[in-house]
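**Student:** I am sharing coords_2.cif, which consists of mmCIF, C-alpha atoms:
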```
data_target
loop_
_atom_site.label_atom_id
_atom_site.label_comp_id
_atom_site.auth_asym_id
_atom_site.auth_seq_id
_atom_site.Cartn_x
_atom_site.Cartn_y
_atom_site.Cartn_z
CA MET A 41 0.00 0.00 0.00
CA ARG A 42 1.25 3.46 -0.85
CA VAL A 43 -0.88 6.56 -0.32
CA ILE A 44 0.21 9.17 -2.87
CA LEU A 45 -1.47 12.37 -3.99
CA ALA A 46 -0.15 13.71 -7.28
CA CYS A 47 -1.36 15.77 -10.19
CA ALA A 48 -0.10 17.33 -13.37
CA ALA A 49 1.96 20.46 -12.86
CA ALA A 50 -0.57 22.45 -14.85
CA ALA A 51 -3.20 21.78 -12.19
CA VAL A 52 -1.25 23.62 -9.50
CA ALA A 53 -2.73 27.08 -9.53
CA VAL A 54 -0.43 28.77 -7.03
CA THR A 55 3.35 29.10 -7.20
CA PHE A 56 5.15 29.03 -3.87
CA ALA A 57 8.59 30.58 -3.53
CA VAL A 58 11.36 29.18 -1.34
CA PRO A 59 13.03 31.68 1.01
CA ALA A 60 16.52 32.84 0.04
CA ALA A 61 19.51 31.56 1.98
CA ALA A 62 20.14 35.09 3.21
CA GLN A 63 16.93 34.81 5.23
CA ALA A 64 18.89 32.94 7.92
CA GLN A 65 20.95 36.07 8.66
CA ARG A 66 17.97 38.27 9.44
CA PRO A 67 17.84 40.12 12.74
CA GLN A 68 15.75 38.54 15.47
CA ILE A 69 13.39 41.49 15.61
CA GLU A 70 12.06 43.59 12.75
CA THR A 71 9.23 46.08 12.32
CA LYS A 72 7.96 46.98 8.86
CA LYS A 73 5.16 49.19 7.61
CA VAL A 74 2.72 47.46 5.27
CA ASP A 75 2.95 48.98 1.81
CA GLY A 76 0.02 51.15 0.81
CA THR A 77 -1.22 51.75 4.36
CA GLU A 78 -1.09 54.78 6.63
CA GLY A 79 -0.46 53.01 9.90
CA VAL A 80 -0.43 49.22 9.60
CA TYR A 81 2.78 47.53 10.75
CA ILE A 82 4.13 44.00 11.07
CA PHE A 83 6.26 43.19 14.10
CA ARG A 84 8.39 40.06 13.74
CA ASN A 85 10.26 38.21 16.50
CA GLY A 86 12.04 35.21 15.01
CA ASN A 87 9.55 33.12 13.09
CA HIS A 88 6.50 34.69 14.72
CA GLN A 89 4.86 37.94 13.75
CA SER A 90 2.02 40.26 14.73
CA MET A 91 0.15 43.22 13.36
CA PHE A 92 -0.20 46.59 15.02
CA ILE A 93 -2.09 49.66 13.84
CA VAL A 94 -1.10 53.22 14.67
CA THR A 95 -3.94 55.76 14.76
CA LYS A 96 -4.09 59.41 15.79
CA ASP A 97 -5.64 58.39 19.11
CA GLY A 98 -3.57 55.35 19.98
CA VAL A 99 -2.31 51.92 18.98
CA ILE A 100 -4.10 48.61 18.49
CA ALA A 101 -1.62 45.75 18.92
CA THR A 102 -1.96 41.99 18.50
CA ASP A 103 -0.15 38.89 19.81
CA PRO A 104 2.94 39.57 21.99
CA VAL A 105 4.74 36.52 20.41
CA ALA A 106 7.07 36.25 23.41
CA TYR A 107 6.91 32.54 24.30
CA GLY A 108 10.35 31.54 25.62
CA ARG A 109 11.50 35.15 25.22
CA PRO A 110 11.38 36.81 28.67
CA THR A 111 11.95 40.30 27.26
CA GLY A 112 9.97 39.77 24.06
CA GLY A 113 6.84 41.62 25.15
CA GLN A 114 8.82 44.67 26.21
CA GLN A 115 10.83 44.54 22.97
CA TYR A 116 7.55 44.64 21.04
CA VAL A 117 6.37 47.63 23.09
CA ASP A 118 9.72 49.32 22.46
CA GLU A 119 9.37 48.77 18.72
CA ILE A 120 5.96 50.41 18.79
CA LYS A 121 7.43 53.37 20.66
CA LYS A 122 10.00 53.81 17.89
CA VAL A 123 7.10 54.35 15.48
CA THR A 124 4.78 56.50 17.61
CA ASP A 125 4.40 58.19 20.96
CA LYS A 126 0.67 57.38 21.00
CA PRO A 127 -0.55 55.15 23.87
CA ILE A 128 -1.17 51.45 23.30
CA LYS A 129 -4.91 51.16 23.82
CA TYR A 130 -5.58 47.51 22.95
CA LEU A 131 -3.82 44.15 22.80
CA ILE A 132 -5.78 41.47 20.98
CA TYR A 133 -5.04 37.75 21.21
CA SER A 134 -5.44 35.86 17.94
CA HIS A 135 -6.13 32.57 19.77
CA VAL A 136 -5.20 30.68 22.91
CA HIS A 137 -1.80 29.18 21.96
CA PHE A 138 1.12 30.43 24.04
CA ASP A 139 3.63 30.76 21.20
CA HIS A 140 1.57 33.71 19.98
CA ILE A 141 0.07 35.27 23.11
CA ALA A 142 2.63 34.85 25.91
CA GLY A 143 4.37 38.04 27.01
CA GLY A 144 1.54 40.53 27.42
CA LYS A 145 2.56 42.01 30.78
CA ALA A 146 4.49 44.85 29.15
CA PHE A 147 1.34 45.83 27.26
CA LYS A 148 -0.76 45.76 30.44
CA ASP A 149 1.87 47.89 32.15
CA ALA A 150 1.60 50.32 29.24
CA GLY A 151 -2.15 50.61 29.81
CA ALA A 152 -3.50 48.32 27.08
CA ARG A 153 -6.86 46.57 27.37
CA VAL A 154 -6.43 42.88 26.53
CA ILE A 155 -9.15 41.30 24.37
CA ALA A 156 -9.65 37.66 23.37
CA HIS A 157 -12.37 35.25 22.35
CA LYS A 158 -14.30 33.88 25.31
CA ASN A 159 -12.98 30.35 24.69
CA ALA A 160 -9.41 31.61 24.98
CA THR A 161 -10.16 33.36 28.25
CA ALA A 162 -11.84 30.28 29.72
CA ARG A 163 -8.86 28.09 28.83
CA LEU A 164 -6.29 30.57 30.11
CA LYS A 165 -8.06 30.68 33.47
CA VAL A 166 -7.64 26.91 33.71
CA LEU A 167 -4.01 26.86 32.59
CA LYS A 168 -2.83 29.82 34.68
CA ASP A 169 0.29 30.31 32.58
CA PRO A 170 2.52 32.81 34.42
CA HIS A 171 3.68 34.41 31.17
CA THR A 172 0.23 34.96 29.64
CA VAL A 173 -2.01 37.77 30.84
CA ILE A 174 -5.68 36.94 31.38
CA PRO A 175 -7.82 39.08 29.04
CA ASP A 176 -9.74 42.05 30.36
CA GLU A 177 -12.53 41.50 27.87
CA SER A 178 -13.90 38.29 26.35
CA ILE A 179 -15.94 38.44 23.16
CA GLY A 180 -18.25 36.16 21.21
CA ASP A 181 -18.69 36.10 17.46
CA LYS A 182 -18.23 39.80 16.68
CA LYS A 183 -16.65 42.99 17.93
CA THR A 184 -15.73 46.19 16.14
CA ILE A 185 -13.02 48.46 17.49
CA LYS A 186 -12.96 52.07 16.30
CA LEU A 187 -9.99 54.19 17.26
CA GLY A 188 -8.62 57.36 15.72
CA GLY A 189 -10.42 56.96 12.43
CA THR A 190 -9.46 53.28 12.07
CA THR A 191 -11.93 50.41 12.16
CA LEU A 192 -10.86 46.88 13.09
CA GLU A 193 -13.38 44.04 12.91
CA LEU A 194 -12.93 40.93 15.07
CA SER A 195 -14.80 37.83 13.91
CA TYR A 196 -15.05 34.32 15.29
CA LEU A 197 -15.91 31.99 12.39
CA GLY A 198 -16.00 28.66 14.21
CA LEU A 199 -13.51 25.90 14.97
CA ASN A 200 -10.28 25.75 12.96
CA HIS A 201 -6.68 25.65 14.18
CA SER A 202 -8.14 26.36 17.60
CA ASP A 203 -11.51 26.93 19.22
CA SER A 204 -10.73 30.61 19.83
CA THR A 205 -9.22 32.06 16.64
CA LEU A 206 -10.22 35.62 15.81
CA VAL A 207 -10.09 36.87 12.23
CA MET A 208 -9.04 40.53 12.38
CA ARG A 209 -10.06 42.61 9.37
CA LEU A 210 -9.24 46.18 8.46
CA PRO A 211 -12.07 47.01 6.04
CA LYS A 212 -10.55 50.25 4.70
CA GLU A 213 -7.19 48.63 3.96
CA LYS A 214 -8.74 45.29 2.94
CA ILE A 215 -6.22 43.46 5.12
CA VAL A 216 -6.85 40.49 7.40
CA PHE A 217 -4.64 39.13 10.17
CA ILE A 218 -5.14 35.37 10.54
CA VAL A 219 -2.77 33.23 12.57
CA ASP A 220 -1.72 29.62 11.87
CA THR A 221 -4.82 28.29 10.11
CA ILE A 222 -3.83 29.46 6.60
CA PRO A 223 -0.06 29.17 6.07
CA VAL A 224 1.35 31.33 3.28
CA GLY A 225 3.47 29.46 0.77
CA SER A 226 4.41 26.60 3.09
CA PHE A 227 3.19 23.12 4.01
CA PRO A 228 1.13 22.77 7.21
CA GLY A 229 3.41 22.22 10.19
CA ARG A 230 3.30 20.64 13.62
CA GLY A 231 0.36 22.83 14.66
CA PHE A 232 -1.78 20.70 12.35
CA ILE A 233 -1.72 17.90 14.90
CA ASP A 234 -4.58 19.39 16.96
CA ILE A 235 -6.53 21.13 14.20
CA TYR A 236 -10.27 20.63 13.65
CA PRO A 237 -9.98 19.37 10.04
CA LEU A 238 -13.52 19.45 8.67
CA GLU A 239 -14.45 22.61 10.53
CA THR A 240 -11.29 24.26 9.20
CA GLU A 241 -12.43 23.68 5.64
CA THR A 242 -15.64 25.53 6.49
CA PHE A 243 -13.63 28.27 8.21
CA ILE A 244 -11.41 28.82 5.18
CA LYS A 245 -14.43 29.03 2.89
CA LYS A 246 -15.89 31.73 5.17
CA VAL A 247 -12.58 33.61 5.10
CA ILE A 248 -12.45 33.46 1.30
CA ALA A 249 -15.97 34.92 1.17
CA MET A 250 -14.90 37.97 3.19
CA ASP A 251 -13.86 41.23 1.55
CA TRP A 252 -10.06 41.45 1.69
CA ASP A 253 -7.05 41.51 -0.62
CA ARG A 254 -4.03 40.81 1.61
CA MET A 255 -3.48 38.58 4.63
CA ILE A 256 -0.85 39.04 7.33
CA PRO A 257 -0.01 35.55 8.66
CA GLY A 258 1.25 34.71 12.14
CA HIS A 259 4.42 33.23 10.64
CA PRO A 260 6.30 34.92 7.78
CA GLY A 261 5.68 33.56 4.32
CA PRO A 262 8.55 33.02 1.86
CA GLY A 263 10.13 36.36 1.12
CA ASP A 264 7.83 37.92 3.73
CA ARG A 265 5.07 38.18 1.16
CA LEU A 266 1.54 38.62 2.41
CA GLY A 267 -1.13 36.05 1.66
CA THR A 268 -3.89 36.25 -0.92
CA LYS A 269 -7.17 34.48 -1.50
CA ASP A 270 -5.28 32.16 -3.84
CA ASP A 271 -3.19 31.06 -0.85
CA ALA A 272 -6.35 30.35 1.14
CA LYS A 273 -7.79 28.37 -1.76
CA ALA A 274 -4.54 26.41 -2.10
CA VAL A 275 -4.57 25.42 1.60
CA LEU A 276 -8.21 24.39 1.31
CA THR A 277 -7.44 22.21 -1.72
CA LEU A 278 -4.47 20.61 0.05
CA MET A 279 -6.62 19.73 3.03
CA GLU A 280 -9.44 18.35 0.93
CA GLU A 281 -7.04 16.15 -1.05
CA ALA A 282 -5.26 14.83 2.05
CA SER A 283 -8.56 14.18 3.79
CA ALA A 284 -10.04 12.22 0.87
CA ALA A 285 -6.95 10.05 0.42
CA ILE A 286 -6.50 9.18 4.07
CA LYS A 287 -10.21 8.62 4.62
CA THR A 288 -10.10 5.68 2.19
CA GLU A 289 -7.03 4.19 3.87
CA ALA A 290 -8.36 4.76 7.37
CA GLN A 291 -11.64 3.05 6.63
CA ALA A 292 -9.60 0.10 5.31
CA GLY A 293 -7.94 -0.18 8.73
CA LYS A 294 -4.51 1.15 7.72
CA CYS A 295 -4.17 3.96 10.26
CA TRP A 296 -1.85 4.94 11.79
CA ASP A 297 1.38 3.08 11.07
CA ALA A 298 0.92 2.11 7.43
CA VAL A 299 -0.45 5.50 6.42
CA GLU A 300 2.22 7.48 8.28
CA LYS A 301 4.91 5.37 6.63
CA ASP A 302 3.63 5.67 3.07
CA PHE A 303 1.63 8.89 2.77
CA GLN A 304 3.04 11.33 0.22
CA MET A 305 1.77 14.46 -1.55
CA PRO A 306 4.24 14.97 -4.43
CA LYS A 307 2.24 17.90 -5.75
CA TYR A 308 3.37 19.88 -2.70
CA ALA A 309 6.88 18.47 -2.27
CA THR A 310 8.58 21.77 -3.12
CA LEU A 311 6.83 23.67 -0.34
CA PRO A 312 8.93 24.67 2.67
CA GLY A 313 8.15 22.35 5.58
CA TYR A 314 6.87 19.50 3.41
CA GLN A 315 8.95 16.69 4.89
CA ALA A 316 8.52 17.86 8.47
CA GLY A 317 4.79 18.40 8.13
CA LEU A 318 3.78 15.36 6.10
CA GLY A 319 3.60 13.03 9.10
CA MET A 320 1.58 15.57 11.07
CA VAL A 321 -1.02 15.78 8.31
CA ALA A 322 -1.20 12.00 8.01
CA ARG A 323 -1.56 11.55 11.76
CA ARG A 324 -4.29 14.15 12.13
CA TYR A 325 -6.43 12.73 9.34
CA CYS A 326 -5.89 9.23 10.70
CA GLY A 327 -7.22 10.56 13.98
CA LEU A 328 -10.25 11.94 12.17
CA TRP A 329 -11.11 9.06 9.85
CA GLY A 330 -9.53 6.21 11.84
CA ARG A 331 -10.81 7.13 15.28
CA GLY A 332 -13.44 9.81 14.79
CA THR A 333 -11.50 12.42 16.74
#
```
Taking this structure as input, can you express it in the form of structure tokens?
**Tutor:**
Amino acid sequence: MRVILACAAAAVAVTFAVPAAAQAQRPQIETKKVDGTEGVYIFRNGNHQSMFIVTKDGVIATDPVAYGRPTGGQQYVDEIKKVTDKPIKYLIYSHVHFDHIAGGKAFKDAGARVIAHKNATARLKVLKDPHTVIPDESIGDKKTIKLGGTTLELSYLGLNHSDSTLVMRLPKEKIVFIVDTIPVGSFPGRGFIDIYPLETETFIKKVIAMDWDRMIPGHPGPGDRLGTKDDAKAVLTLMEEASAAIKTEAQAGKCWDAVEKDFQMPKYATLPGYQAGLGMVARRYCGLWGRGT
């Protein structure tokens, strides 16, 4: 038995670039303004990144990205201060996972109001992580923040990479900030192991239906490019293909060992992270179709 997904090269609609070797020599921390915007910035710490928006009345920041980086939250605050002297009014958590939301104390100390989905807040209260600030405000499906002439929409679109992911959309700029669920130009990684697979397909379809042109991901894409709807469609197609192939094998009783050993997706072999992520994808869909989890 060998589980292989392949297709003619002409059927691959999206081209994914591989990062240049010089990428390895990048500084640990970088802040860049998003082209074509008045006050939208990307803060990067290693392989994690966040969005912050500078308005005339203050700053809206997202994800401290300071897991395992004791000074990371303060470094993020310091980077914001290099851009503006306006106060940081809000810190918004994208979802509950520590690698994105640990390190918020510096923002609280700066006076920010911390906002998260209610599922994230409930989980954080159970976990009591010393490095992750409990939100001041917990929201449901929708919240709109208006500050200094900028509008930011927060939407919960159901289960996906987590049960608490917020899609953050700037309607004027037609930019969304979506963390982890839709990788840009790379194969799904280890975070796929606890994804909600079928619900994620629905989530991505809802995201595609929204009005936006560019997506800031929670991890840099190749060449730091922002995502597009074509990227979202490509991830959806990858998931649908993997799901269909492994479903057949799982229902034949071949999960997990045989499938993990033989599963391949040659169509995507050139994507960064392919070899490392392949087993994670196989294991998660075996969990779904082999166990019902």
**Student:** Give me the residues of range 191-262 of chain A that have any atom at most 8 Å from an atom of range 161-185 of chain A; for each, the nearest atom pair and the distance in Å, rounded to one decimal. Use only C-alpha atoms, sort by chain and number, and format it as CSV.
**Tutor:**
```
residue,atom,partner,partner_atom,distance
A:Thr191,CA,A:Ile185,CA,5.8
A:Leu192,CA,A:Ile185,CA,5.1
A:Glu193,CA,A:Thr184,CA,4.5
A:Leu194,CA,A:Lys183,CA,5.1
A:Ser195,CA,A:Lys182,CA,4.8
A:Tyr196,CA,A:Asp181,CA,4.6
A:Leu197,CA,A:Asp181,CA,7.1
```
**Student:** Between CA of Gly143 in chain A and CA of Tyr236 in chain A, what is the spacing in Å?
**Tutor:** 26.4 Å
**Student:** Could you tell me, as an mmCIF file with C-alpha atoms, in the frame of the given file, exactly which residues end up selected when the PyMOL selection byres ((chain A and resi 68-75) around 12) is applied to this structure?
**Tutor:**
```cif
data_model
loop_
_atom_site.group_PDB
_atom_site.id
_atom_site.type_symbol
_atom_site.label_atom_id
_atom_site.label_comp_id
_atom_site.auth_asym_id
_atom_site.auth_seq_id
_atom_site.Cartn_x
_atom_site.Cartn_y
_atom_site.Cartn_z
ATOM 1 C CA GLN A 63 16.930 34.810 5.230
ATOM 2 C CA ALA A 64 18.890 32.940 7.920
ATOM 3 C CA GLN A 65 20.950 36.070 8.660
ATOM 4 C CA ARG A 66 17.970 38.270 9.440
ATOM 5 C CA PRO A 67 17.840 40.120 12.740
ATOM 6 C CA GLY A 76 0.020 51.150 0.810
ATOM 7 C CA THR A 77 -1.220 51.750 4.360
ATOM 8 C CA GLU A 78 -1.090 54.780 6.630
ATOM 9 C CA GLY A 79 -0.460 53.010 9.900
ATOM 10 C CA VAL A 80 -0.430 49.220 9.600
ATOM 11 C CA TYR A 81 2.780 47.530 10.750
ATOM 12 C CA ILE A 82 4.130 44.000 11.070
ATOM 13 C CA PHE A 83 6.260 43.190 14.100
ATOM 14 C CA ARG A 84 8.390 40.060 13.740
ATOM 15 C CA ASN A 85 10.260 38.210 16.500
ATOM 16 C CA GLY A 86 12.040 35.210 15.010
ATOM 17 C CA ASN A 87 9.550 33.120 13.090
ATOM 18 C CA HIS A 88 6.500 34.690 14.720
ATOM 19 C CA GLN A 89 4.860 37.940 13.750
ATOM 20 C CA SER A 90 2.020 40.260 14.730
ATOM 21 C CA MET A 91 0.150 43.220 13.360
ATOM 22 C CA PHE A 92 -0.200 46.590 15.020
ATOM 23 C CA ILE A 93 -2.090 49.660 13.840
ATOM 24 C CA VAL A 94 -1.100 53.220 14.670
ATOM 25 C CA VAL A 105 4.740 36.520 20.410
ATOM 26 C CA ALA A 106 7.070 36.250 23.410
ATOM 27 C CA ARG A 109 11.500 35.150 25.220
ATOM 28 C CA THR A 111 11.950 40.300 27.260
ATOM 29 C CA GLY A 112 9.970 39.770 24.060
ATOM 30 C CA GLY A 113 6.840 41.620 25.150
ATOM 31 C CA GLN A 114 8.820 44.670 26.210
ATOM 32 C CA GLN A 115 10.830 44.540 22.970
ATOM 33 C CA TYR A 116 7.550 44.640 21.040
ATOM 34 C CA VAL A 117 6.370 47.630 23.090
ATOM 35 C CA ASP A 118 9.720 49.320 22.460
ATOM 36 C CA GLU A 119 9.370 48.770 18.720
ATOM 37 C CA ILE A 120 5.960 50.410 18.790
ATOM 38 C CA LYS A 121 7.430 53.370 20.660
ATOM 39 C CA LYS A 122 10.000 53.810 17.890
ATOM 40 C CA VAL A 123 7.100 54.350 15.480
ATOM 41 C CA GLU A 213 -7.190 48.630 3.960
ATOM 42 C CA LYS A 214 -8.740 45.290 2.940
ATOM 43 C CA ILE A 215 -6.220 43.460 5.120
ATOM 44 C CA ARG A 254 -4.030 40.810 1.610
ATOM 45 C CA MET A 255 -3.480 38.580 4.630
ATOM 46 C CA ILE A 256 -0.850 39.040 7.330
ATOM 47 C CA PRO A 260 6.300 34.920 7.780
ATOM 48 C CA ASP A 264 7.830 37.920 3.730
ATOM 49 C CA ARG A 265 5.070 38.180 1.160
ATOM 50 C CA LEU A 266 1.540 38.620 2.410
#
```
**Student:** Going by the chain IDs and residue numbers used in this file, which residues fall under the PyMOL selection byres ((chain A and resi 318) around 12)? Write them as a PyMOL selection string.
**Tutor:** chain A and resi 43-45+226-233+278-279+282+299-306+308-309+311-317+319-325
**Student:** My list of candidates is A:Lys126, A:Lys287, A:Lys273, A:Lys145. Which is closest to Gly188 in chain A when distances are computed with all atoms listed in the file?
**Tutor:** A:Lys126
**Student:** Counting all atoms listed in the file, figure out which residue out of A:Phe147, A:Phe217, A:Phe138, A:Tyr133 gets nearest to Gly108 in chain A.
**Tutor:**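 For Gly108 in chain A, the nearest of the candidates is A:Phe138.
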**Student:** Between A:Asp125, A:Ile222, A:Ser204, A:Gly327, which residue has the minimum interatomic distance to Ile286 in chain A, considering all atoms listed in the file?
**Tutor:**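 Selected residue with least distance to Ile286 in chain A: A:Gly327.
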**Student:** What is the CA of Gly151 in chain A to CA of Ile132 in chain A distance in Å?
**Tutor:**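 It comes out at 13.2 Å.
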**Student:** Quick one: residues within 10 Å of Arg331 in chain A, all atoms listed in the file, excluding same-chain residues fewer than 2 positions away - as a ChimeraX atom specification?
**Tutor:** /A:290-291,295-296,325-329,333
**Student:** With distances taken over only C-alpha atoms, which of A:Ile218, A:Ile235, A:Val154, A:Val99 is nearest to Leu199 in chain A?
**Tutor:**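 Ranked by minimum distance to Leu199 in chain A, first place goes to A:Ile235.
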**Student:** Starting from 8 Å padding per side, set up an axis-aligned box that covers all listed atoms of range 262-276 of chain A and hand over centre and edge lengths in Å, one decimal, as AutoDock Vina command-line options.
**Tutor:**
```
--center_x 1.0 --center_y 31.5 --center_z -0.1 --size_x 34.3 --size_y 30.2 --size_z 23.6
```
